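Shown here: query27.pdb, PDB, C-alpha atoms.
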```
MODEL        1
ATOM      1  CA  MET A 816     117.964   2.358 -41.451
ATOM      2  CA  PRO A 817     116.019   1.295 -38.415
ATOM      3  CA  GLY A 818     112.891  -0.808 -38.729
ATOM      4  CA  LYS A 819     109.510  -0.217 -37.107
ATOM      5  CA  ALA A 820     109.551   0.737 -33.437
ATOM      6  CA  GLY A 821     113.320   1.149 -33.492
ATOM      7  CA  LEU A 822     114.049  -2.437 -34.543
ATOM      8  CA  GLN A 823     117.285  -2.897 -36.435
ATOM      9  CA  PRO A 824     117.225  -4.380 -39.972
ATOM     10  CA  PHE A 825     117.096  -8.187 -39.863
ATOM     11  CA  HIS A 826     119.805  -9.822 -41.978
ATOM     12  CA  HIS A 827     118.621 -13.016 -43.664
ATOM     13  CA  SER A 828     121.187 -13.731 -46.364
ATOM     14  CA  ASN A 829     121.494 -17.312 -45.111
ATOM     15  CA  LEU A 830     117.721 -17.968 -45.056
ATOM     16  CA  ALA A 831     115.831 -19.401 -48.005
ATOM     17  CA  LEU A 832     113.154 -16.735 -47.996
ATOM     18  CA  PRO A 833     112.829 -15.477 -51.589
ATOM     19  CA  ALA A 834     109.174 -14.590 -51.010
ATOM     20  CA  LEU A 835     110.213 -12.067 -48.393
ATOM     21  CA  CYS A 836     112.345  -9.997 -50.764
ATOM     22  CA  LYS A 837     110.828  -7.275 -52.874
ATOM     23  CA  GLY A 838     113.506  -7.513 -55.501
ATOM     24  CA  ARG A 839     116.660  -9.317 -56.562
ATOM     25  CA  ARG A 840     119.291  -9.888 -53.896
ATOM     26  CA  LYS A 841     122.193  -7.515 -53.886
ATOM     27  CA  ARG A 842     125.592  -7.682 -52.284
ATOM     28  CA  VAL A 843     125.331  -5.183 -49.450
ATOM     29  CA  ASN A 844     127.363  -5.045 -46.253
ATOM     30  CA  SER A 845     129.351  -8.217 -46.854
ATOM     31  CA  ARG A 846     126.609 -10.037 -48.821
ATOM     32  CA  ARG A 847     123.948  -9.259 -46.242
ATOM     33  CA  CYS A 848     120.571  -8.419 -47.698
ATOM     34  CA  THR A 849     118.993  -5.589 -45.717
ATOM     35  CA  GLU A 850     116.006  -3.340 -45.786
ATOM     36  CA  SER A 851     118.044  -0.759 -47.699
ATOM     37  CA  ALA A 852     118.696  -3.344 -50.411
ATOM     38  CA  GLY A 853     115.004  -3.730 -51.189
ATOM     39  CA  CYS A 854     113.895  -6.328 -48.613
ATOM     40  CA  LEU A 855     111.006  -6.233 -46.188
ATOM     41  CA  PRO A 856     111.521  -4.475 -42.851
ATOM     42  CA  SER A 857     112.765  -6.685 -40.056
ATOM     43  CA  TYR A 858     109.496  -6.661 -38.114
ATOM     44  CA  LEU A 859     107.607  -7.968 -41.165
ATOM     45  CA  ILE A 860     110.205 -10.660 -41.726
ATOM     46  CA  ARG A 861     109.768 -11.797 -38.150
ATOM     47  CA  ILE A 862     105.984 -11.855 -38.565
ATOM     48  CA  ARG A 863     106.290 -13.954 -41.733
ATOM     49  CA  LEU A 864     108.700 -16.333 -40.048
ATOM     50  CA  ALA A 865     106.344 -16.697 -37.084
ATOM     51  CA  GLU A 866     103.465 -17.418 -39.467
ATOM     52  CA  ARG A 867     105.464 -20.145 -41.212
ATOM     53  CA  MET A 868     106.530 -21.669 -37.931
ATOM     54  CA  SER A 869     102.970 -21.700 -36.533
ATOM     55  CA  LYS A 870     101.705 -23.573 -39.587
ATOM     56  CA  SER A 871     104.166 -26.357 -38.832
ATOM     57  CA  ILE A 872     102.877 -26.790 -35.265
ATOM     58  CA  PRO A 873     100.445 -29.723 -34.880
ATOM     59  CA  VAL A 874      97.044 -28.698 -33.552
ATOM     60  CA  ALA A 875      94.165 -30.542 -31.897
ATOM     61  CA  VAL A 876      90.605 -29.315 -31.296
ATOM     62  CA  VAL A 877      88.089 -30.771 -28.832
ATOM     63  CA  THR A 878      84.487 -29.615 -29.065
ATOM     64  CA  GLY A 879      82.363 -29.160 -25.960
ATOM     65  CA  SER A 880      85.363 -29.331 -23.697
ATOM     66  CA  ASN A 881      84.877 -26.903 -20.813
ATOM     67  CA  LYS A 882      83.734 -29.732 -18.493
ATOM     68  CA  GLY A 883      83.195 -33.456 -18.156
ATOM     69  CA  ILE A 884      84.691 -35.862 -20.670
ATOM     70  CA  GLY A 885      85.695 -33.037 -23.006
ATOM     71  CA  LEU A 886      87.751 -31.315 -20.320
ATOM     72  CA  ALA A 887      89.374 -34.638 -19.436
ATOM     73  CA  ILE A 888      90.241 -35.197 -23.112
ATOM     74  CA  VAL A 889      91.911 -31.790 -23.296
ATOM     75  CA  ARG A 890      93.830 -32.556 -20.094
ATOM     76  CA  ALA A 891      95.125 -35.834 -21.516
ATOM     77  CA  LEU A 892      96.042 -34.309 -24.871
ATOM     78  CA  CYS A 893      97.947 -31.493 -23.171
ATOM     79  CA  LYS A 894     100.076 -34.184 -21.524
ATOM     80  CA  GLN A 895     100.477 -36.497 -24.523
ATOM     81  CA  PHE A 896      99.999 -34.545 -27.771
ATOM     82  CA  THR A 897     102.959 -32.673 -29.218
ATOM     83  CA  GLY A 898     101.383 -29.440 -30.341
ATOM     84  CA  ASP A 899      98.680 -26.928 -29.477
ATOM     85  CA  VAL A 900      95.458 -28.216 -27.913
ATOM     86  CA  TYR A 901      92.307 -26.112 -28.165
ATOM     87  CA  LEU A 902      89.629 -26.273 -25.528
ATOM     88  CA  THR A 903      86.396 -24.954 -27.017
ATOM     89  CA  ALA A 904      83.147 -23.874 -25.410
ATOM     90  CA  ARG A 905      79.988 -22.011 -26.368
ATOM     91  CA  ASP A 906      80.301 -19.718 -23.349
ATOM     92  CA  VAL A 907      83.554 -17.771 -23.412
ATOM     93  CA  GLU A 908      83.734 -17.204 -19.652
ATOM     94  CA  ARG A 909      83.168 -20.859 -18.837
ATOM     95  CA  GLY A 910      85.736 -21.803 -21.423
ATOM     96  CA  LYS A 911      88.330 -19.482 -19.973
ATOM     97  CA  GLU A 912      87.584 -20.770 -16.465
ATOM     98  CA  ALA A 913      88.257 -24.308 -17.692
ATOM     99  CA  VAL A 914      91.506 -23.180 -19.302
ATOM    100  CA  ALA A 915      92.564 -21.531 -16.042
ATOM    101  CA  LYS A 916      91.805 -24.755 -14.177
ATOM    102  CA  LEU A 917      94.117 -26.731 -16.452
ATOM    103  CA  GLN A 918      96.762 -24.001 -16.305
ATOM    104  CA  ALA A 919      96.718 -24.366 -12.514
ATOM    105  CA  GLU A 920      97.639 -28.001 -13.115
ATOM    106  CA  GLY A 921     100.688 -26.895 -15.095
ATOM    107  CA  LEU A 922      99.146 -27.491 -18.512
ATOM    108  CA  LYS A 923      98.950 -25.084 -21.449
ATOM    109  CA  PRO A 924      95.677 -25.423 -23.351
ATOM    110  CA  GLN A 925      94.573 -22.796 -25.848
ATOM    111  CA  PHE A 926      91.004 -21.516 -26.093
ATOM    112  CA  HIS A 927      88.639 -20.739 -28.948
ATOM    113  CA  GLN A 928      84.931 -20.025 -28.727
ATOM    114  CA  LEU A 929      82.743 -22.553 -30.515
ATOM    115  CA  ASP A 930      78.997 -23.050 -30.552
ATOM    116  CA  ILE A 931      78.410 -26.145 -32.683
ATOM    117  CA  ASN A 932      74.794 -25.093 -33.257
ATOM    118  CA  ASP A 933      75.966 -21.858 -34.880
ATOM    119  CA  LEU A 934      77.319 -22.365 -38.394
ATOM    120  CA  GLN A 935      79.053 -18.974 -38.354
ATOM    121  CA  SER A 936      80.836 -19.921 -35.117
ATOM    122  CA  ILE A 937      82.047 -23.125 -36.781
ATOM    123  CA  ARG A 938      83.274 -21.222 -39.815
ATOM    124  CA  THR A 939      85.069 -18.666 -37.648
ATOM    125  CA  LEU A 940      87.004 -21.526 -36.040
ATOM    126  CA  ARG A 941      87.635 -23.053 -39.471
ATOM    127  CA  ASP A 942      89.103 -19.828 -40.824
ATOM    128  CA  PHE A 943      91.225 -19.345 -37.709
ATOM    129  CA  LEU A 944      92.715 -22.835 -37.995
ATOM    130  CA  LYS A 945      93.357 -22.452 -41.704
ATOM    131  CA  GLU A 946      95.055 -19.096 -41.280
ATOM    132  CA  LYS A 947      97.127 -19.865 -38.181
ATOM    133  CA  TYR A 948      97.978 -23.543 -38.666
ATOM    134  CA  GLY A 949      97.261 -24.253 -42.303
ATOM    135  CA  GLY A 950      94.924 -27.055 -41.255
ATOM    136  CA  LEU A 951      94.123 -29.412 -38.411
ATOM    137  CA  ASN A 952      95.758 -32.591 -37.103
ATOM    138  CA  VAL A 953      93.275 -33.901 -34.548
ATOM    139  CA  LEU A 954      89.540 -33.276 -34.264
ATOM    140  CA  ILE A 955      87.495 -34.758 -31.427
ATOM    141  CA  ASN A 956      83.768 -34.119 -31.743
ATOM    142  CA  ASN A 957      82.712 -34.456 -28.133
ATOM    143  CA  ALA A 958      79.933 -31.858 -27.813
ATOM    144  CA  GLY A 959      76.482 -33.288 -27.268
ATOM    145  CA  ILE A 960      73.379 -33.214 -25.072
ATOM    146  CA  ALA A 961      71.052 -35.681 -23.379
ATOM    147  CA  PHE A 962      67.775 -35.168 -21.566
ATOM    148  CA  LYS A 963      67.423 -36.724 -18.122
ATOM    149  CA  VAL A 964      65.064 -39.684 -17.829
ATOM    150  CA  GLU A 965      62.760 -37.693 -15.574
ATOM    151  CA  ASP A 966      62.801 -34.589 -17.799
ATOM    152  CA  PRO A 967      59.194 -33.492 -18.499
ATOM    153  CA  THR A 968      60.020 -32.061 -21.932
ATOM    154  CA  PRO A 969      57.687 -33.648 -24.527
ATOM    155  CA  PHE A 970      59.369 -36.463 -26.432
ATOM    156  CA  PRO A 971      59.025 -34.823 -29.870
ATOM    157  CA  THR A 972      60.834 -31.754 -28.517
ATOM    158  CA  GLN A 973      63.541 -33.931 -26.986
ATOM    159  CA  ALA A 974      63.958 -35.663 -30.333
ATOM    160  CA  GLU A 975      64.224 -32.436 -32.297
ATOM    161  CA  VAL A 976      66.600 -30.673 -29.896
ATOM    162  CA  SER A 977      68.822 -33.738 -29.433
ATOM    163  CA  MET A 978      68.997 -34.389 -33.178
ATOM    164  CA  LYS A 979      69.905 -30.771 -33.907
ATOM    165  CA  THR A 980      72.912 -30.844 -31.583
ATOM    166  CA  ASN A 981      74.102 -34.433 -31.537
ATOM    167  CA  PHE A 982      73.737 -35.254 -35.214
ATOM    168  CA  PHE A 983      73.245 -32.202 -37.410
ATOM    169  CA  ALA A 984      75.659 -29.905 -35.559
ATOM    170  CA  THR A 985      78.299 -32.649 -35.499
ATOM    171  CA  ARG A 986      77.740 -33.119 -39.229
ATOM    172  CA  ASN A 987      78.198 -29.367 -39.772
ATOM    173  CA  ILE A 988      81.471 -29.425 -37.852
ATOM    174  CA  CYS A 989      82.693 -32.290 -40.005
ATOM    175  CA  ASN A 990      81.620 -30.648 -43.247
ATOM    176  CA  GLU A 991      83.595 -27.521 -42.362
ATOM    177  CA  LEU A 992      86.662 -29.011 -40.671
ATOM    178  CA  LEU A 993      87.299 -32.377 -42.338
ATOM    179  CA  PRO A 994      88.700 -30.649 -45.444
ATOM    180  CA  LEU A 995      91.345 -29.105 -43.141
ATOM    181  CA  ILE A 996      92.572 -32.430 -41.753
ATOM    182  CA  LYS A 997      96.226 -32.891 -42.623
ATOM    183  CA  PRO A 998      97.792 -36.193 -43.765
ATOM    184  CA  GLN A 999      98.066 -38.657 -40.857
ATOM    185  CA  GLY A1000      95.297 -36.690 -39.113
ATOM    186  CA  ARG A1001      92.896 -38.269 -36.640
ATOM    187  CA  VAL A1002      89.154 -37.660 -36.239
ATOM    188  CA  VAL A1003      87.104 -39.018 -33.343
ATOM    189  CA  ASN A1004      83.323 -38.694 -33.181
ATOM    190  CA  VAL A1005      82.172 -39.377 -29.643
ATOM    191  CA  SER A1006      79.106 -41.597 -29.879
ATOM    192  CA  SER A1007      77.701 -43.910 -27.213
ATOM    193  CA  VAL A1008      76.930 -47.545 -26.452
ATOM    194  CA  MET A1009      73.344 -46.296 -26.570
ATOM    195  CA  SER A1010      73.705 -46.234 -30.344
ATOM    196  CA  VAL A1011      74.220 -50.003 -30.286
ATOM    197  CA  ARG A1012      71.332 -50.550 -27.882
ATOM    198  CA  ALA A1013      69.029 -48.256 -29.844
ATOM    199  CA  LEU A1014      69.962 -50.030 -33.066
ATOM    200  CA  ALA A1015      68.971 -53.362 -31.520
ATOM    201  CA  MET A1016      65.555 -51.868 -30.690
ATOM    202  CA  CYS A1017      64.951 -50.658 -34.239
ATOM    203  CA  SER A1018      62.852 -52.628 -36.700
ATOM    204  CA  PRO A1019      64.731 -55.167 -38.871
ATOM    205  CA  GLU A1020      64.234 -52.863 -41.847
ATOM    206  CA  LEU A1021      65.861 -49.903 -40.076
ATOM    207  CA  GLN A1022      68.672 -52.096 -38.730
ATOM    208  CA  GLN A1023      69.454 -53.224 -42.250
ATOM    209  CA  LYS A1024      69.612 -49.648 -43.479
ATOM    210  CA  PHE A1025      71.851 -48.478 -40.636
ATOM    211  CA  ARG A1026      74.213 -51.428 -41.043
ATOM    212  CA  SER A1027      74.478 -51.046 -44.805
ATOM    213  CA  GLU A1028      77.987 -50.606 -46.211
ATOM    214  CA  THR A1029      76.581 -48.460 -49.005
ATOM    215  CA  ILE A1030      74.240 -46.096 -47.157
ATOM    216  CA  THR A1031      74.894 -42.508 -48.252
ATOM    217  CA  GLU A1032      75.024 -39.398 -46.113
ATOM    218  CA  GLU A1033      71.916 -38.091 -47.861
ATOM    219  CA  GLU A1034      70.021 -41.271 -47.006
ATOM    220  CA  LEU A1035      71.164 -41.079 -43.394
ATOM    221  CA  VAL A1036      70.066 -37.442 -43.124
ATOM    222  CA  LYS A1037      66.603 -38.352 -44.421
ATOM    223  CA  LEU A1038      66.317 -41.146 -41.834
ATOM    224  CA  MET A1039      67.288 -38.812 -38.991
ATOM    225  CA  GLU A1040      64.764 -36.240 -40.211
ATOM    226  CA  LYS A1041      62.110 -38.949 -40.484
ATOM    227  CA  PHE A1042      62.642 -39.986 -36.878
ATOM    228  CA  VAL A1043      61.963 -36.435 -35.686
ATOM    229  CA  GLU A1044      58.908 -36.109 -37.902
ATOM    230  CA  ASP A1045      57.575 -39.491 -36.770
ATOM    231  CA  THR A1046      57.827 -38.423 -33.117
ATOM    232  CA  LYS A1047      55.842 -35.278 -33.894
ATOM    233  CA  LYS A1048      53.154 -37.378 -35.576
ATOM    234  CA  GLY A1049      53.138 -39.830 -32.679
ATOM    235  CA  VAL A1050      53.971 -42.781 -34.957
ATOM    236  CA  HIS A1051      57.668 -43.368 -34.267
ATOM    237  CA  GLU A1052      57.163 -46.730 -32.565
ATOM    238  CA  LYS A1053      54.807 -47.871 -35.335
ATOM    239  CA  GLU A1054      57.495 -46.879 -37.852
ATOM    240  CA  GLY A1055      60.081 -49.056 -36.106
ATOM    241  CA  TRP A1056      61.913 -46.492 -33.985
ATOM    242  CA  PRO A1057      62.880 -46.947 -30.321
ATOM    243  CA  SER A1058      61.731 -44.432 -27.716
ATOM    244  CA  THR A1059      65.196 -43.036 -27.041
ATOM    245  CA  ALA A1060      65.976 -39.745 -28.731
ATOM    246  CA  TYR A1061      69.565 -39.769 -27.497
ATOM    247  CA  GLY A1062      70.108 -43.320 -28.743
ATOM    248  CA  VAL A1063      68.810 -42.562 -32.232
ATOM    249  CA  THR A1064      70.965 -39.437 -32.531
ATOM    250  CA  LYS A1065      73.988 -41.520 -31.610
ATOM    251  CA  ILE A1066      73.032 -44.104 -34.238
ATOM    252  CA  GLY A1067      73.325 -41.159 -36.581
ATOM    253  CA  VAL A1068      76.783 -40.235 -35.282
ATOM    254  CA  THR A1069      78.094 -43.789 -35.571
ATOM    255  CA  VAL A1070      76.729 -44.347 -39.082
ATOM    256  CA  LEU A1071      77.923 -40.901 -40.171
ATOM    257  CA  SER A1072      81.413 -41.871 -39.021
ATOM    258  CA  ARG A1073      81.311 -45.030 -41.123
ATOM    259  CA  ILE A1074      80.224 -43.005 -44.153
ATOM    260  CA  GLN A1075      82.921 -40.367 -43.600
ATOM    261  CA  ALA A1076      85.633 -43.005 -43.271
ATOM    262  CA  ARG A1077      84.490 -44.619 -46.508
ATOM    263  CA  ARG A1078      84.576 -41.243 -48.242
ATOM    264  CA  LEU A1079      88.121 -40.597 -46.985
ATOM    265  CA  ASN A1080      89.151 -43.930 -48.487
ATOM    266  CA  GLU A1081      87.814 -42.727 -51.820
ATOM    267  CA  THR A1082      88.943 -39.108 -51.847
ATOM    268  CA  ARG A1083      92.124 -39.041 -49.769
ATOM    269  CA  LYS A1084      93.525 -42.510 -50.156
ATOM    270  CA  GLY A1085      97.163 -42.536 -49.119
ATOM    271  CA  ASP A1086      96.862 -39.625 -46.669
ATOM    272  CA  GLY A1087      96.706 -41.982 -43.695
ATOM    273  CA  ILE A1088      93.768 -40.219 -42.038
ATOM    274  CA  LEU A1089      91.921 -42.358 -39.499
ATOM    275  CA  LEU A1090      88.343 -41.560 -38.472
ATOM    276  CA  ASN A1091      86.304 -43.473 -35.909
ATOM    277  CA  ALA A1092      83.289 -43.284 -33.625
ATOM    278  CA  CYS A1093      83.686 -44.294 -30.011
ATOM    279  CA  CYS A1094      81.931 -44.832 -26.723
ATOM    280  CA  PRO A1095      83.683 -43.307 -23.689
ATOM    281  CA  GLY A1096      81.625 -45.487 -21.361
ATOM    282  CA  TRP A1097      79.253 -44.562 -18.565
ATOM    283  CA  VAL A1098      81.022 -41.596 -17.024
ATOM    284  CA  ARG A1099      80.288 -39.454 -13.975
ATOM    285  CA  THR A1100      79.282 -36.191 -15.633
ATOM    286  CA  ASP A1101      76.427 -33.710 -15.445
ATOM    287  CA  MET A1102      74.890 -35.585 -18.362
ATOM    288  CA  ALA A1103      75.244 -39.161 -17.060
ATOM    289  CA  GLY A1104      74.881 -38.536 -13.330
ATOM    290  CA  PRO A1105      76.926 -39.324 -10.212
ATOM    291  CA  LYS A1106      76.307 -43.088 -10.137
ATOM    292  CA  ALA A1107      78.340 -43.876 -13.258
ATOM    293  CA  PRO A1108      81.360 -46.141 -12.648
ATOM    294  CA  LYS A1109      83.947 -44.207 -14.692
ATOM    295  CA  SER A1110      85.639 -40.927 -13.871
ATOM    296  CA  PRO A1111      85.915 -38.323 -16.662
ATOM    297  CA  ASP A1112      89.623 -39.098 -17.009
ATOM    298  CA  GLU A1113      88.780 -42.779 -17.509
ATOM    299  CA  GLY A1114      86.101 -41.815 -20.012
ATOM    300  CA  ALA A1115      88.691 -39.862 -21.983
ATOM    301  CA  GLU A1116      90.943 -42.880 -22.490
ATOM    302  CA  THR A1117      89.342 -44.313 -25.641
ATOM    303  CA  PRO A1118      88.866 -40.976 -27.453
ATOM    304  CA  VAL A1119      92.473 -40.030 -26.678
ATOM    305  CA  TYR A1120      93.715 -43.480 -27.746
ATOM    306  CA  LEU A1121      92.055 -42.994 -31.142
ATOM    307  CA  ALA A1122      93.297 -39.403 -31.432
ATOM    308  CA  LEU A1123      96.880 -40.478 -30.839
ATOM    309  CA  LEU A1124      97.049 -43.547 -33.073
ATOM    310  CA  PRO A1125     100.658 -43.500 -34.298
ATOM    311  CA  PRO A1126     101.685 -42.238 -37.745
ATOM    312  CA  GLY A1127     101.466 -45.010 -40.307
ATOM    313  CA  ALA A1128      98.800 -46.951 -38.414
ATOM    314  CA  ASP A1129      96.263 -48.500 -40.772
ATOM    315  CA  GLY A1130      93.456 -48.824 -38.264
ATOM    316  CA  PRO A1131      91.071 -48.798 -36.687
ATOM    317  CA  HIS A1132      89.246 -46.756 -39.291
ATOM    318  CA  GLY A1133      85.515 -46.353 -39.790
ATOM    319  CA  GLN A1134      84.831 -48.401 -36.675
ATOM    320  CA  PHE A1135      82.856 -48.110 -33.459
ATOM    321  CA  VAL A1136      85.354 -48.434 -30.595
ATOM    322  CA  SER A1137      84.759 -48.955 -26.892
ATOM    323  CA  ASP A1138      87.392 -49.617 -24.218
ATOM    324  CA  LYS A1139      90.012 -49.290 -27.004
ATOM    325  CA  THR A1140      88.455 -52.292 -28.736
ATOM    326  CA  VAL A1141      86.562 -52.402 -32.040
ATOM    327  CA  GLN A1142      82.958 -53.390 -31.468
ATOM    328  CA  THR A1143      80.573 -55.108 -33.871
ATOM    329  CA  TRP A1144      78.089 -52.712 -35.403
TER
ENDMDL
END
```

Encoding of this model in structure tokens:
Amino acid sequence: MPGKAGLQPFHHSNLALPALCKGRRKRVNSRRCTESAGCLPSYLIRIRLAERMSKSIPVAVVTGSNKGIGLAIVRALCKQFTGDVYLTARDVERGKEAVAKLQAEGLKPQFHQLDINDLQSIRTLRDFLKEKYGGLNVLINNAGIAFKVEDPTPFPTQAEVSMKTNFFATRNICNELLPLIKPQGRVVNVSSVMSVRALAMCSPELQQKFRSETITEEELVKLMEKFVEDTKKGVHEKEGWPSTAYGVTKIGVTVLSRIQARRLNETRKGDGILLNACCPGWVRTDMAGPKAPKSPDEGAETPVYLALLPPGADGPHGQFVSDKTVQTW
């Protein structure tokens, strides 16, 4: 009895696929179990097999990766990571153009739309990864924004917009995708050396809070919200904050990473998941400008190093890393 679209019945008597059979196996056609013996049609068997195989394929996702450091990270992962690598972008056309650029280089990135400021977009990606791959092996949170020094946008607005994307959207990504990270998975939150510099410009009281080994995520969120509110009130300097919105948001990313790593130690001890924040360096991008000393490919080196830490590695974990070296926080 032919299957769908003229496909012949698929014999799978030698495959351990009990879930694919509707009923008990029967000896038919020299012990071959066929559609006529109560099994699924061949085309459905092939679909199920493909689904099982795809869930065994390692997968990496890079946010904000249609240009700059993110694109360079995807390029490097396509060359070094054994599995599927997803380039993501808010704008579908720009994302597909970036994919085509890498394909012209002989690479095979995948694409998925992602706007980190849109919770539904994040959850759509989450559901896709869960359904197709059964989870996630590597997550690199690269997406972020920075206002130019000469930008005339009022500082309170810069603070609010930067915080929304760099800290709160990154936190949303982590809340939705960290539960999908498979054992031996790797998570990299791209921060900046500006987090260290901004921390040094904070009041001693704020420095103590941000360096605390026991600060909670809720406490960190309240501090990030307070910074924005203090800028609106015009009292941020009086309250001990530096006048760098980008730097404070990256303090948030670095401290969030330390909190997340600590939580993984408590909730998934033994899974071998490593999570770190990193600084890619001063890189020639639209964000950092043309005078920066590093190329995007050079800027990708530390994030990719952390993403590809070998199975069984016990560190770094919960650290701030620059030039592949753990830095003091």

- Target residues per the PyMOL selection byres ((chain A and resi 1017) around 12), formatted as a PyMOL selection string: chain A and resi 1010-1016+1018-1026+1042+1051-1059+1062-1063+1066

- Task: Give me the result of the PyMOL selection byres ((chain A and resi 1073) around 12) on this file, residue by residue, as an MDAnalysis selection string.
- Result: chainID A and resid 1002:1004 1006 1025:1032 1035 1066:1072 1074:1080 1089:1093 1131:1136 1144

Please write out, as AutoDock Vina command-line options, where the centre of an axis-aligned box around all listed atoms of region 1018-1032 of chain A lies and how long its edges are, in Å to one decimal, after adding 8 Å on each side.
```
--center_x 70.4 --center_y -47.3 --center_z -42.9 --size_x 31.1 --size_y 31.8 --size_z 28.3
```

- Item | Length of the CA of Ala915 (chain A) to CA of Asp933 (chain A) vector [Å] | 25.1 Å

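Relative to CA of Val1119 (chain A), CA of Asn957 (chain A) is found at 11.3 Å.
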
Residues within 9 Å of region 888-897 of chain A, all atoms listed in the file, excluding chain neighbours under 3 positions, as a PDB file with C-alpha atoms, keeping the file's coordinate frame:
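Result file out.pdb:
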```pdb
ATOM      1  CA  ILE A 872     102.877 -26.790 -35.265  1.00  0.00           C
ATOM      2  CA  PRO A 873     100.445 -29.723 -34.880  1.00  0.00           C
ATOM      3  CA  VAL A 874      97.044 -28.698 -33.552  1.00  0.00           C
ATOM      4  CA  ALA A 875      94.165 -30.542 -31.897  1.00  0.00           C
ATOM      5  CA  VAL A 876      90.605 -29.315 -31.296  1.00  0.00           C
ATOM      6  CA  VAL A 877      88.089 -30.771 -28.832  1.00  0.00           C
ATOM      7  CA  SER A 880      85.363 -29.331 -23.697  1.00  0.00           C
ATOM      8  CA  ASN A 881      84.877 -26.903 -20.813  1.00  0.00           C
ATOM      9  CA  GLY A 883      83.195 -33.456 -18.156  1.00  0.00           C
ATOM     10  CA  ILE A 884      84.691 -35.862 -20.670  1.00  0.00           C
ATOM     11  CA  GLY A 885      85.695 -33.037 -23.006  1.00  0.00           C
ATOM     12  CA  VAL A 900      95.458 -28.216 -27.913  1.00  0.00           C
ATOM     13  CA  TYR A 901      92.307 -26.112 -28.165  1.00  0.00           C
ATOM     14  CA  LEU A 902      89.629 -26.273 -25.528  1.00  0.00           C
ATOM     15  CA  LEU A 917      94.117 -26.731 -16.452  1.00  0.00           C
ATOM     16  CA  LEU A 922      99.146 -27.491 -18.512  1.00  0.00           C
ATOM     17  CA  LYS A 923      98.950 -25.084 -21.449  1.00  0.00           C
ATOM     18  CA  PRO A 924      95.677 -25.423 -23.351  1.00  0.00           C
ATOM     19  CA  ILE A 955      87.495 -34.758 -31.427  1.00  0.00           C
ATOM     20  CA  PRO A1111      85.915 -38.323 -16.662  1.00  0.00           C
ATOM     21  CA  ASP A1112      89.623 -39.098 -17.009  1.00  0.00           C
ATOM     22  CA  GLY A1114      86.101 -41.815 -20.012  1.00  0.00           C
ATOM     23  CA  ALA A1115      88.691 -39.862 -21.983  1.00  0.00           C
ATOM     24  CA  GLU A1116      90.943 -42.880 -22.490  1.00  0.00           C
ATOM     25  CA  PRO A1118      88.866 -40.976 -27.453  1.00  0.00           C
ATOM     26  CA  VAL A1119      92.473 -40.030 -26.678  1.00  0.00           C
ATOM     27  CA  ALA A1122      93.297 -39.403 -31.432  1.00  0.00           C
ATOM     28  CA  LEU A1123      96.880 -40.478 -30.839  1.00  0.00           C
TER      29      LEU A1123
END
```

Please tabulate, as a tab-separated table, the residues of region 982-1016 of chain A that come within 10 Å of region 1125-1129 of chain A, each with its closest pair of atoms and the distance in Å to one decimal, counting all atoms listed in the file and ordering rows by chain, then residue number upward.
```
residue	atom	partner	partner_atom	distance
A:Pro998	CA	A:Pro1126	CA	9.4
A:Gln999	CA	A:Pro1126	CA	6.0
A:Gly1000	CA	A:Pro1126	CA	8.6
A:Arg1001	CA	A:Pro1125	CA	9.6
```

Report as a PDB file with C-alpha atoms, keeping the file's coordinate frame the residues that result from applying the PyMOL selection byres ((chain A and resi 931) around 8) to the structure here.
```
ATOM      1  CA  THR A 878      84.487 -29.615 -29.065  1.00  0.00           C
ATOM      2  CA  ARG A 905      79.988 -22.011 -26.368  1.00  0.00           C
ATOM      3  CA  LEU A 929      82.743 -22.553 -30.515  1.00  0.00           C
ATOM      4  CA  ASP A 930      78.997 -23.050 -30.552  1.00  0.00           C
ATOM      5  CA  ASN A 932      74.794 -25.093 -33.257  1.00  0.00           C
ATOM      6  CA  ASP A 933      75.966 -21.858 -34.880  1.00  0.00           C
ATOM      7  CA  LEU A 934      77.319 -22.365 -38.394  1.00  0.00           C
ATOM      8  CA  SER A 936      80.836 -19.921 -35.117  1.00  0.00           C
ATOM      9  CA  ILE A 937      82.047 -23.125 -36.781  1.00  0.00           C
ATOM     10  CA  ALA A 958      79.933 -31.858 -27.813  1.00  0.00           C
ATOM     11  CA  THR A 980      72.912 -30.844 -31.583  1.00  0.00           C
ATOM     12  CA  ALA A 984      75.659 -29.905 -35.559  1.00  0.00           C
ATOM     13  CA  THR A 985      78.299 -32.649 -35.499  1.00  0.00           C
ATOM     14  CA  ASN A 987      78.198 -29.367 -39.772  1.00  0.00           C
ATOM     15  CA  ILE A 988      81.471 -29.425 -37.852  1.00  0.00           C
TER      16      ILE A 988
END
```

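Distance annotation: of A:Val907, A:Lys1048, A:Ala887, A:Gly950, the residue with the minimal separation from Thr1117 (chain A) is A:Ala887; atom set is all atoms listed in the file.
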
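As for CA of Cys989 (chain A) and CA of Glu946 (chain A), they are spaced 18.1 Å apart.
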
- Item | Close residues, Glu975 (chain A) itself excluded, 10 Å, only C-alpha atoms, min 2 positions apart in chain, as a count of residues only | 17

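For the residues A:Pro1095, A:Gly898, A:Gly910, A:Gly879, ranking by smallest atom-to-atom distance to Val1008 (chain A) using all atoms listed in the file places A:Pro1095 first.
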
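Shortest separation to Leu992 (chain A) among A:Val914, A:Leu944, A:Ala919, A:Leu1038 occurs at residue A:Leu944, atoms counted being all atoms listed in the file.
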